[in-house]
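Source file: coords-v9.tsv. Holds: TSV, C-alpha atoms and all ligand atoms.
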```
chain	number	residue	atom	x	y	z
N	1	MET	CA	0.00	0.00	0.00
N	2	GLU	CA	1.23	3.49	-0.92
N	3	PHE	CA	2.45	5.76	1.87
N	4	PRO	CA	-0.23	8.52	2.00
N	5	LEU	CA	0.74	11.56	-0.08
N	6	PRO	CA	-0.36	14.25	2.46
N	7	LEU	CA	1.73	12.48	5.11
N	8	ARG	CA	4.79	12.27	2.87
N	9	MET	CA	4.43	15.93	1.91
N	10	SER	CA	4.13	17.08	5.56
N	11	ILE	CA	7.25	15.11	6.53
N	12	GLU	CA	9.17	16.51	3.55
N	13	GLN	CA	8.12	20.07	4.37
N	14	LYS	CA	9.24	19.69	7.98
N	15	ALA	CA	12.52	18.09	6.87
N	16	GLN	CA	13.16	21.00	4.51
N	17	ASP	CA	12.46	23.48	7.34
N	18	THR	CA	14.89	21.63	9.62
N	19	GLY	CA	17.61	21.02	7.02
N	20	THR	CA	18.40	17.59	5.62
N	21	ALA	CA	22.08	17.71	6.56
N	22	SER	CA	21.37	17.82	10.30
N	23	LEU	CA	18.55	15.29	9.91
N	24	THR	CA	20.94	12.85	8.23
N	25	LYS	CA	23.08	12.84	11.35
N	26	GLU	CA	19.99	12.36	13.56
N	27	ALA	CA	18.87	9.46	11.35
N	28	GLN	CA	22.28	7.77	11.63
N	29	ASP	CA	22.35	8.19	15.42
N	30	LEU	CA	18.79	6.97	15.73
N	31	SER	CA	19.56	3.86	13.72
N	32	LEU	CA	22.54	3.10	16.00
N	33	ARG	CA	20.41	3.61	19.13
N	34	TYR	CA	17.66	1.33	17.82
N	35	ARG	CA	20.22	-1.35	16.96
N	36	GLY	CA	22.13	-1.18	20.21
N	37	GLU	CA	19.76	-0.03	22.93
N	38	SER	CA	16.28	-1.38	22.14
N	39	GLY	CA	14.67	-3.93	24.47
N	40	HIS	CA	15.71	-2.34	27.75
N	41	GLY	CA	12.84	0.11	28.26
N	42	LYS	CA	15.17	3.00	27.32
N	43	ARG	CA	13.92	6.29	25.90
N	44	LEU	CA	15.23	6.32	22.32
N	45	VAL	CA	13.66	9.51	20.92
N	46	THR	CA	13.98	12.58	23.12
N	47	SER	CA	14.01	15.61	20.78
N	48	ASP	CA	11.89	17.05	17.98
N	49	ARG	CA	14.65	16.39	15.41
N	50	GLN	CA	14.98	12.77	16.46
N	51	ALA	CA	11.21	12.37	16.12
N	52	LEU	CA	11.35	13.91	12.63
N	53	ALA	CA	14.24	11.63	11.65
N	54	TYR	CA	12.13	8.66	12.83
N	55	ALA	CA	9.15	9.81	10.76
N	56	ALA	CA	11.28	10.35	7.65
N	57	VAL	CA	13.30	7.15	7.84
N	58	ARG	CA	11.12	4.56	9.62
N	59	MET	CA	7.50	5.62	9.23
N	60	PRO	CA	7.09	4.48	5.59
N	61	ALA	CA	8.29	0.99	6.59
N	62	THR	CA	6.23	0.67	9.79
N	63	PHE	CA	3.20	2.02	7.91
N	64	GLY	CA	3.78	-0.64	5.23
N	65	ALA	CA	4.17	-3.45	7.77
N	66	VAL	CA	0.99	-2.57	9.68
N	67	ALA	CA	-0.97	-2.12	6.43
N	68	SER	CA	0.20	-5.55	5.19
N	69	ALA	CA	-0.66	-7.24	8.50
N	70	LEU	CA	-4.12	-5.65	8.44
N	71	GLU	CA	-4.64	-6.63	4.80
N	72	HIS	CA	-3.98	-10.24	5.78
N	73	THR	CA	-6.20	-10.08	8.86
N	74	LEU	CA	-9.27	-7.95	8.07
N	75	PRO	CA	-10.79	-10.37	5.51
N	76	LEU	CA	-11.02	-12.97	8.31
N	77	LEU	CA	-13.24	-10.76	10.48
N	78	ALA	CA	-17.05	-10.78	10.32
N	79	ARG	CA	-17.16	-7.02	11.10
N	80	SER	CA	-14.53	-4.36	10.49
N	81	PRO	CA	-13.36	-2.42	13.55
N	82	ALA	CA	-14.41	1.23	13.65
N	83	THR	CA	-12.52	2.43	16.73
N	84	LEU	CA	-8.75	2.31	17.18
N	85	LEU	CA	-6.33	2.49	20.09
N	86	ASP	CA	-2.72	2.80	18.88
N	87	VAL	CA	-0.36	2.03	21.77
N	88	GLY	CA	3.21	3.29	21.50
N	89	ALA	CA	1.84	5.27	18.59
N	90	GLY	CA	5.10	7.10	17.90
N	91	THR	CA	4.40	9.44	15.00
N	92	GLY	CA	1.18	7.61	14.15
N	93	ALA	CA	2.14	5.15	11.40
N	94	ALA	CA	-0.31	2.43	12.53
N	95	CYS	CA	-3.16	4.96	12.64
N	96	TRP	CA	-2.49	6.04	9.06
N	97	ALA	CA	-2.37	2.40	7.96
N	98	ALA	CA	-5.61	1.53	9.77
N	99	ASP	CA	-7.29	4.66	8.40
N	100	ALA	CA	-6.36	3.65	4.86
N	101	LEU	CA	-8.15	0.31	5.28
N	102	LEU	CA	-10.98	1.01	7.70
N	103	ASP	CA	-13.84	3.43	8.17
N	104	LEU	CA	-12.65	4.77	11.51
N	105	GLU	CA	-15.02	6.63	13.81
N	106	SER	CA	-12.56	7.34	16.58
N	107	VAL	CA	-8.81	7.11	17.15
N	108	VAL	CA	-6.87	7.24	20.42
N	109	CYS	CA	-3.07	7.34	20.41
N	110	LEU	CA	-1.11	6.45	23.51
N	111	GLU	CA	2.54	7.51	23.55
N	112	ARG	CA	5.01	8.31	26.32
N	113	GLU	CA	7.52	10.43	24.37
N	114	PRO	CA	6.24	14.01	24.03
N	115	TYR	CA	8.24	14.77	20.85
N	116	MET	CA	6.89	11.70	19.05
N	117	ALA	CA	3.34	12.59	20.10
N	118	GLN	CA	3.69	16.26	19.11
N	119	LEU	CA	4.95	15.35	15.66
N	120	GLY	CA	2.36	12.58	15.23
N	121	GLN	CA	-0.38	15.02	16.07
N	122	ALA	CA	1.01	17.71	13.74
N	123	LEU	CA	1.22	15.21	10.86
N	124	MET	CA	-2.37	14.08	11.47
N	125	ALA	CA	-3.59	17.70	11.27
N	126	GLY	CA	-3.18	17.44	7.49
N	127	GLY	CA	-4.79	13.99	7.29
N	128	PRO	CA	-8.28	12.49	7.07
N	129	ALA	CA	-10.99	13.57	9.56
N	130	ALA	CA	-10.60	10.54	11.87
N	131	LEU	CA	-6.89	11.32	12.31
N	132	GLN	CA	-7.41	15.08	12.67
N	133	ASN	CA	-9.76	14.27	15.57
N	134	ALA	CA	-7.46	11.68	17.15
N	135	ARG	CA	-7.05	11.96	20.93
N	136	TRP	CA	-3.42	11.75	22.07
N	137	LEU	CA	-2.75	10.48	25.60
N	138	SER	CA	0.59	10.72	27.32
N	139	SER	CA	1.01	7.40	29.09
N	140	ASP	CA	3.40	4.51	29.68
N	141	ILE	CA	2.04	1.02	29.03
N	142	ALA	CA	4.50	-0.42	31.52
N	143	GLU	CA	2.56	1.36	34.26
N	144	ARG	CA	-0.55	-0.06	35.89
N	145	GLY	CA	-4.15	0.86	35.14
N	146	PRO	CA	-6.55	0.02	32.32
N	147	LEU	CA	-6.14	1.38	28.81
N	148	PRO	CA	-9.01	3.04	26.93
N	149	ARG	CA	-10.94	0.35	25.07
N	150	ALA	CA	-11.28	0.17	21.30
N	151	GLN	CA	-12.44	-2.38	18.74
N	152	LEU	CA	-8.93	-2.52	17.27
N	153	VAL	CA	-5.89	-2.19	19.51
N	154	ALA	CA	-2.55	-1.94	17.68
N	155	ALA	CA	0.96	-2.05	19.12
N	156	SER	CA	3.48	-1.83	16.33
N	157	TYR	CA	7.24	-1.99	16.95
N	158	VAL	CA	6.63	-1.32	20.67
N	159	LEU	CA	6.93	-4.57	22.64
N	160	GLY	CA	10.54	-4.93	21.48
N	161	GLU	CA	11.44	-1.63	23.16
N	162	MET	CA	10.16	-2.78	26.54
N	163	ARG	CA	11.99	-4.74	29.21
N	164	PRO	CA	11.19	-8.45	28.96
N	165	GLU	CA	9.71	-8.45	32.47
N	166	GLU	CA	7.31	-5.61	31.53
N	167	ARG	CA	5.84	-7.39	28.51
N	168	PRO	CA	3.36	-9.86	30.09
N	169	ALA	CA	1.52	-7.15	32.06
N	170	ALA	CA	1.55	-4.86	29.01
N	171	LEU	CA	0.12	-7.69	26.87
N	172	SER	CA	-2.66	-8.25	29.42
N	173	ARG	CA	-3.54	-4.58	29.32
N	174	LEU	CA	-3.51	-4.51	25.52
N	175	TRP	CA	-5.74	-7.59	25.38
N	176	ASP	CA	-8.15	-6.22	28.01
N	177	ALA	CA	-8.51	-3.04	25.90
N	178	ALA	CA	-9.23	-4.91	22.65
N	179	GLU	CA	-12.98	-5.26	22.07
N	180	SER	CA	-12.55	-7.08	18.78
N	181	LEU	CA	-8.97	-7.32	17.48
N	182	LEU	CA	-5.45	-6.99	18.90
N	183	LEU	CA	-2.66	-6.52	16.36
N	184	LEU	CA	1.00	-6.86	17.36
N	185	VAL	CA	3.71	-6.03	14.81
N	186	GLU	CA	7.46	-6.38	15.38
N	187	PRO	CA	10.60	-6.38	13.21
N	188	GLY	CA	10.99	-9.52	11.08
N	189	THR	CA	14.14	-10.60	12.90
N	190	PRO	CA	14.78	-13.75	14.97
N	191	GLU	CA	14.42	-11.58	18.10
N	192	GLY	CA	11.15	-9.97	16.92
N	193	PHE	CA	9.79	-13.45	16.16
N	194	ARG	CA	10.94	-14.83	19.52
N	195	GLN	CA	9.14	-12.03	21.34
N	196	LEU	CA	5.96	-12.60	19.38
N	197	LYS	CA	6.19	-16.35	20.01
N	198	GLU	CA	6.22	-15.58	23.73
N	199	ALA	CA	3.29	-13.16	23.27
N	200	ARG	CA	1.43	-15.89	21.33
N	201	ALA	CA	1.76	-18.40	24.16
N	202	PHE	CA	0.84	-15.78	26.76
N	203	LEU	CA	-2.28	-14.54	24.95
N	204	LEU	CA	-3.50	-18.03	24.05
N	205	GLY	CA	-3.32	-18.67	27.79
N	206	GLN	CA	-5.69	-15.70	28.23
N	207	LYS	CA	-8.18	-17.35	25.83
N	208	ALA	CA	-7.44	-14.94	22.98
N	209	VAL	CA	-8.35	-16.39	19.57
N	210	LEU	CA	-5.40	-16.42	17.19
N	211	LEU	CA	-6.57	-15.27	13.75
N	212	ALA	CA	-3.42	-14.66	11.71
N	213	PRO	CA	-0.90	-15.40	10.41
N	214	CYS	CA	-0.96	-18.89	11.97
N	215	PRO	CA	-3.68	-21.18	10.56
N	216	HIS	CA	-3.86	-22.97	13.94
N	217	GLU	CA	-3.26	-22.49	17.67
N	218	ASN	CA	-0.95	-25.49	18.08
N	219	ALA	CA	2.71	-25.05	19.00
N	220	CYS	CA	4.62	-23.28	16.21
N	221	PRO	CA	6.07	-26.04	13.99
N	222	LEU	CA	9.08	-24.02	12.79
N	223	PRO	CA	12.51	-25.40	13.73
N	224	PRO	CA	14.39	-23.35	16.38
N	225	ASP	CA	16.77	-21.81	13.82
N	226	ASP	CA	13.96	-20.47	11.58
N	227	TRP	CA	11.57	-17.58	12.11
N	228	CYS	CA	8.22	-16.69	10.56
N	229	HIS	CA	8.30	-13.27	8.92
N	230	PHE	CA	6.89	-11.46	5.93
N	231	THR	CA	8.06	-8.65	3.69
N	232	CYS	CA	6.47	-5.51	2.36
N	233	ARG	CA	8.03	-3.40	-0.38
N	234	VAL	CA	8.23	0.30	0.45
N	235	ALA	CA	8.93	3.02	-2.12
N	236	ARG	CA	11.86	5.25	-1.11
N	237	SER	CA	11.38	8.99	-1.52
N	238	ARG	CA	14.25	11.33	-2.40
N	239	LEU	CA	14.31	12.44	1.25
N	240	HIS	CA	14.58	8.82	2.41
N	241	ARG	CA	17.51	8.22	0.05
N	242	GLN	CA	19.21	11.42	1.25
N	243	LEU	CA	18.86	10.48	4.92
N	244	LYS	CA	19.61	6.77	4.70
N	245	GLY	CA	21.93	6.69	1.72
N	246	GLY	CA	21.78	4.25	-1.20
N	247	GLU	CA	20.07	4.75	-4.53
N	248	ALA	CA	17.58	1.84	-4.55
N	249	PRO	CA	14.06	3.10	-5.35
N	250	TYR	CA	12.50	0.81	-2.74
N	251	GLU	CA	13.34	-1.13	0.41
N	252	ASP	CA	11.91	-4.40	1.69
N	253	GLU	CA	10.69	-4.19	5.27
N	254	LYS	CA	10.69	-7.52	7.05
N	255	PHE	CA	8.11	-7.83	9.79
N	256	CYS	CA	6.40	-10.37	12.07
N	257	TYR	CA	2.84	-9.98	13.30
N	258	LEU	CA	0.09	-11.63	15.31
N	259	ALA	CA	-3.63	-10.85	15.21
N	260	PHE	CA	-5.94	-12.02	17.99
N	261	SER	CA	-9.70	-11.69	18.08
N	262	ARG	CA	-12.36	-12.00	20.77
N	263	GLU	CA	-14.59	-14.20	18.65
N	264	LYS	CA	-13.82	-17.41	16.83
N	265	ALA	CA	-13.62	-16.83	13.08
N	266	PRO	CA	-12.72	-19.17	10.22
N	267	ARG	CA	-8.93	-19.06	9.82
N	268	ALA	CA	-6.99	-19.47	6.60
N	269	ALA	CA	-6.55	-23.15	5.60
N	270	ALA	CA	-2.85	-22.45	5.15
N	271	ARG	CA	-0.40	-19.53	5.13
N	272	ILE	CA	2.30	-19.09	2.47
N	273	LEU	CA	5.66	-18.77	4.23
N	274	ARG	CA	8.07	-18.14	1.33
N	275	HIS	CA	8.06	-16.49	-2.05
N	276	PRO	CA	6.38	-18.96	-4.43
N	277	GLN	CA	8.87	-20.94	-6.57
N	278	ILE	CA	7.72	-20.57	-10.17
N	279	GLU	CA	8.71	-23.06	-12.87
N	280	SER	CA	7.08	-23.79	-16.19
N	281	GLY	CA	3.62	-25.23	-15.47
N	282	ARG	CA	4.33	-25.62	-11.76
N	283	ILE	CA	4.31	-23.33	-8.71
N	284	THR	CA	5.64	-24.63	-5.41
N	285	LEU	CA	4.31	-23.05	-2.23
N	286	ARG	CA	5.85	-23.44	1.22
N	287	LEU	CA	2.77	-23.67	3.43
N	288	CYS	CA	2.12	-23.60	7.16
N	289	THR	CA	-0.96	-25.74	7.86
N	290	PRO	CA	-2.64	-27.00	11.05
N	291	ASP	CA	-0.68	-30.29	10.69
N	292	ARG	CA	2.76	-29.29	9.49
N	293	ILE	CA	4.94	-27.07	7.34
N	294	GLY	CA	5.69	-28.40	3.89
N	295	ASP	CA	5.85	-27.72	0.15
N	296	LEU	CA	2.78	-27.94	-2.05
N	297	PRO	CA	3.46	-28.24	-5.79
N	298	VAL	CA	0.53	-26.83	-7.75
N	299	ARG	CA	0.33	-27.75	-11.44
N	300	LYS	CA	-1.63	-26.34	-14.38
N	301	ARG	CA	-3.95	-29.35	-14.25
N	302	ASP	CA	-5.03	-28.29	-10.72
N	303	GLY	CA	-7.26	-25.64	-12.38
N	304	SER	CA	-8.57	-23.03	-9.95
N	305	LEU	CA	-5.88	-23.88	-7.39
N	306	PHE	CA	-3.21	-23.08	-10.02
N	307	LYS	CA	-4.94	-19.78	-10.76
N	308	ALA	CA	-4.88	-18.98	-7.02
N	309	ALA	CA	-1.20	-19.96	-6.81
N	310	ARG	CA	-0.33	-17.66	-9.73
N	311	LYS	CA	-1.73	-14.68	-7.83
N	312	ALA	CA	-0.33	-15.75	-4.45
N	313	ASN	CA	2.40	-13.98	-2.54
N	314	CYS	CA	4.38	-14.80	0.55
N	315	GLY	CA	2.16	-14.06	3.59
N	316	ASP	CA	-1.13	-14.70	1.79
N	317	ALA	CA	-3.68	-17.20	2.99
N	318	PHE	CA	-4.01	-20.22	0.68
N	319	PRO	CA	-7.18	-22.28	0.35
N	320	SER	CA	-5.55	-25.72	0.36
N	321	GLU	CA	-3.59	-27.84	2.80
N	322	ILE	CA	-0.60	-29.95	1.82
D	401	LIG	C1	9.74	2.05	17.25
D	401	LIG	S1	8.59	3.23	17.76
D	401	LIG	C2	7.12	2.67	16.89
D	401	LIG	C3	6.18	3.78	16.67
D	401	LIG	C4	4.94	3.40	15.84
D	401	LIG	N1	4.10	2.47	16.56
D	401	LIG	C5	5.35	2.85	14.51
D	401	LIG	O1	4.99	1.69	14.22
D	401	LIG	O2	6.00	3.55	13.74
D	401	LIG	C6	8.19	2.72	19.40
D	401	LIG	C7	7.31	3.73	20.11
D	401	LIG	O3	6.83	3.13	21.31
D	401	LIG	C8	6.95	4.07	22.35
D	401	LIG	N2	7.07	3.33	23.60
D	401	LIG	C9	8.06	2.50	23.98
D	401	LIG	N3	7.84	2.03	25.20
D	401	LIG	C10	6.67	2.57	25.61
D	401	LIG	C11	5.92	2.48	26.80
D	401	LIG	N4	6.35	1.74	27.82
D	401	LIG	N5	4.76	3.18	26.89
D	401	LIG	C12	4.33	3.95	25.86
D	401	LIG	N6	5.01	4.08	24.70
D	401	LIG	C13	6.17	3.41	24.59
D	401	LIG	C14	8.21	4.85	22.01
D	401	LIG	O4	8.24	6.10	22.66
D	401	LIG	C15	8.09	4.96	20.51
D	401	LIG	O5	7.37	6.10	20.13
```
For the structure just supplied, provide its representation as structure tokens.
Amino acid sequence: MEFPLPLRMSIEQKAQDTGTASLTKEAQDLSLRYRGESGHGKRLVTSDRQALAYAAVRMPATFGAVASALEHTLPLLARSPATLLDVGAGTGAACWAADALLDLESVVCLEREPYMAQLGQALMAGGPAALQNARWLSSDIAERGPLPRAQLVAASYVLGEMRPEERPAALSRLWDAAESLLLLVEPGTPEGFRQLKEARAFLLGQKAVLLAPCPHENACPLPPDDWCHFTCRVARSRLHRQLKGGEAPYEDEKFCYLAFSREKAPRAAARILRHPQIESGRITLRLCTPDRIGDLPVRKRDGSLFKAARKANCGDAFPSEI
């Protein structure tokens, strides 16, 4: 899904006002901090320029990851959520993604860093009505007390910043706030996957219904040295290339996600775990199914299944088991 034009233009205008040379340095420092200091509950963005560097360099990718996760999840729901709570909202990427796919009536953003919240709010001022009217709350999800409830609760790229011992209580609070759907998105790294695997076990223990991407609630069948992740392709603007370097016109954001619902809903029969292998007259899909992970060769003679395989991408649901 395309990064919204008004959002891109607002970020570019603010970057121009600040000066791209100084933002490049902020972006480099930010990247180092995220690589070296995440996962310990540390404050990683503590100035307006750092928040702007985050929005310019990371927001297109986190927007893309949340939009992809929602695109895989929403078709499984009987009713689309109309209210959103975005926890650890940062500069609001998950809200923009949800707004692009849902008819939102109300949006609440919870964020503890004032500079992220200020920028998120300023960016939303030029966005659709639901985002212009978003309520921003300054709060820390590691602290006690209930969160405001919403039909969709999203926490994207947040759990990984918290201390491991804070995560179970935060997950409970997120789940208690979710009236219909809880979406967790993390980087598509072994560590991001490990954290979500822990969240999966914890939330299943709270009777949450796992909707996606897993086509079952059994133990994850992946071997210990593998991790389930998906990729979304994100167009790189001129500003993004200036700040991050490199000339490639796009980048591939790897992400992991989990979607839990309150109500049982029909899950996908299988989930495609790798890019389909295409040969003449045959497409081989690596599928996760309720029984196992394995390869399904689909041939031309399989008719409608072959047509489905031709359109299929990694991360999509697939209507057949192995
Ligand atoms: C990597 S950013 C992700 C922002 C946004 N969700 C996105 O996908 O682009 C993580 C955000 O979570 C916020 N955060 C981290 N720990 C938090 C906590 N304990 N309570 C509230 N917000 C938190 C950070 O301040 C930061 O804005």
Per-axis box centre and lengths in Å around ligand LIG 401 (chain D), 5 Å margin per side, axis-aligned, as JSON:
```
{"center_x": 6.9, "center_y": 3.9, "center_z": 20.8, "size_x": 15.6, "size_y": 14.4, "size_z": 24.1}
```
**Message:** Just to confirm, what's the straight-line distance from CA of Thr18 (chain N) to CA of Ala134 (chain N) in Å (one decimal)?
**Reply:** 25.6 Å
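The residue that comes closest to ligand LIG 401 (chain D), out of N:Lys25, N:Lys14, N:Arg167, N:Arg8 and on the basis of only C-alpha atoms and all ligand atoms, is N:Arg167.
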Sorted by chain and rising residue number, list the residues of chain N at most 8 Å from ligand LIG 401 (chain D) (counting only C-alpha atoms and all ligand atoms), each with its closest atom pair and distance in Å to one decimal, as a Markdown table.
```
| residue | atom | partner | partner_atom | distance |
| --- | --- | --- | --- | --- |
| N:Tyr34 | CA | D:LIG401 | C1 | 8.0 |
| N:Gly41 | CA | D:LIG401 | N3 | 6.2 |
| N:Lys42 | CA | D:LIG401 | N3 | 7.7 |
| N:Arg43 | CA | D:LIG401 | O4 | 6.5 |
| N:Leu44 | CA | D:LIG401 | O4 | 7.0 |
| N:Val45 | CA | D:LIG401 | O4 | 6.6 |
| N:Ala55 | CA | D:LIG401 | O2 | 7.6 |
| N:Arg58 | CA | D:LIG401 | O2 | 6.6 |
| N:Met59 | CA | D:LIG401 | O2 | 5.2 |
| N:Ala61 | CA | D:LIG401 | O2 | 7.9 |
| N:Thr62 | CA | D:LIG401 | O1 | 4.7 |
| N:Phe63 | CA | D:LIG401 | O1 | 6.6 |
| N:Val66 | CA | D:LIG401 | O1 | 7.4 |
| N:Asp86 | CA | D:LIG401 | N1 | 7.2 |
| N:Val87 | CA | D:LIG401 | N6 | 6.5 |
| N:Gly88 | CA | D:LIG401 | O3 | 3.6 |
| N:Ala89 | CA | D:LIG401 | N1 | 4.1 |
| N:Gly90 | CA | D:LIG401 | O5 | 3.3 |
| N:Thr91 | CA | D:LIG401 | C4 | 6.1 |
| N:Gly92 | CA | D:LIG401 | C4 | 5.9 |
| N:Ala93 | CA | D:LIG401 | O2 | 4.8 |
| N:Ala94 | CA | D:LIG401 | O1 | 5.6 |
| N:Leu110 | CA | D:LIG401 | C12 | 6.4 |
| N:Glu111 | CA | D:LIG401 | N6 | 4.4 |
| N:Arg112 | CA | D:LIG401 | C12 | 4.4 |
| N:Glu113 | CA | D:LIG401 | O4 | 4.7 |
| N:Met116 | CA | D:LIG401 | O5 | 5.7 |
| N:Ala117 | CA | D:LIG401 | O5 | 7.6 |
| N:Ser138 | CA | D:LIG401 | C12 | 7.9 |
| N:Ser139 | CA | D:LIG401 | C12 | 5.8 |
| N:Asp140 | CA | D:LIG401 | N5 | 3.4 |
| N:Ile141 | CA | D:LIG401 | N5 | 4.1 |
| N:Ala142 | CA | D:LIG401 | N4 | 4.7 |
| N:Glu143 | CA | D:LIG401 | N4 | 7.5 |
| N:Ala155 | CA | D:LIG401 | N1 | 6.1 |
| N:Ser156 | CA | D:LIG401 | N1 | 4.4 |
| N:Tyr157 | CA | D:LIG401 | C2 | 4.7 |
| N:Val158 | CA | D:LIG401 | O3 | 4.5 |
| N:Leu159 | CA | D:LIG401 | N3 | 7.1 |
| N:Glu161 | CA | D:LIG401 | C9 | 5.4 |
| N:Met162 | CA | D:LIG401 | N3 | 5.5 |
| N:Val185 | CA | D:LIG401 | O1 | 7.8 |
```
**Message:** Excluding region 271-284 of chain N and its own-chain neighbours fewer than 2 positions away, which residues fall within 12 Å of it when counting all atoms listed in the file? Please give them as a ChimeraX atom specification.
**Reply:** /N:72-73,211-216,222,226-232,256,267-269,286-290,292-303,305-322
**Prompt:** CA of Ala122 (chain N) and CA of Ala98 (chain N), how far apart in Å?
**Reply:**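 CA of Ala122 (chain N) lies 17.9 Å from CA of Ala98 (chain N).
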**Request:** Would you work out the distance separating CA of Ser10 (chain N) from CA of Ala69 (chain N), expressed in Å to one decimal?
**Result:** 25.0 Å
**Asked** Nearest to Asp103 (chain N) among N:Ala53, N:Ala67, N:Ala235, N:Ala129, with distances taken over all atoms listed in the file: which residue is it?
**Response**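 Comparing N:Ala53, N:Ala67, N:Ala235, N:Ala129 against Asp103 (chain N), the winner is N:Ala129.
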**Fill in**
Shortest contact to Thr46 (chain N), candidates N:Trp96, N:Ala199, N:Pro114, N:Gly205, atoms counted only C-alpha atoms, goes to N:Pro114
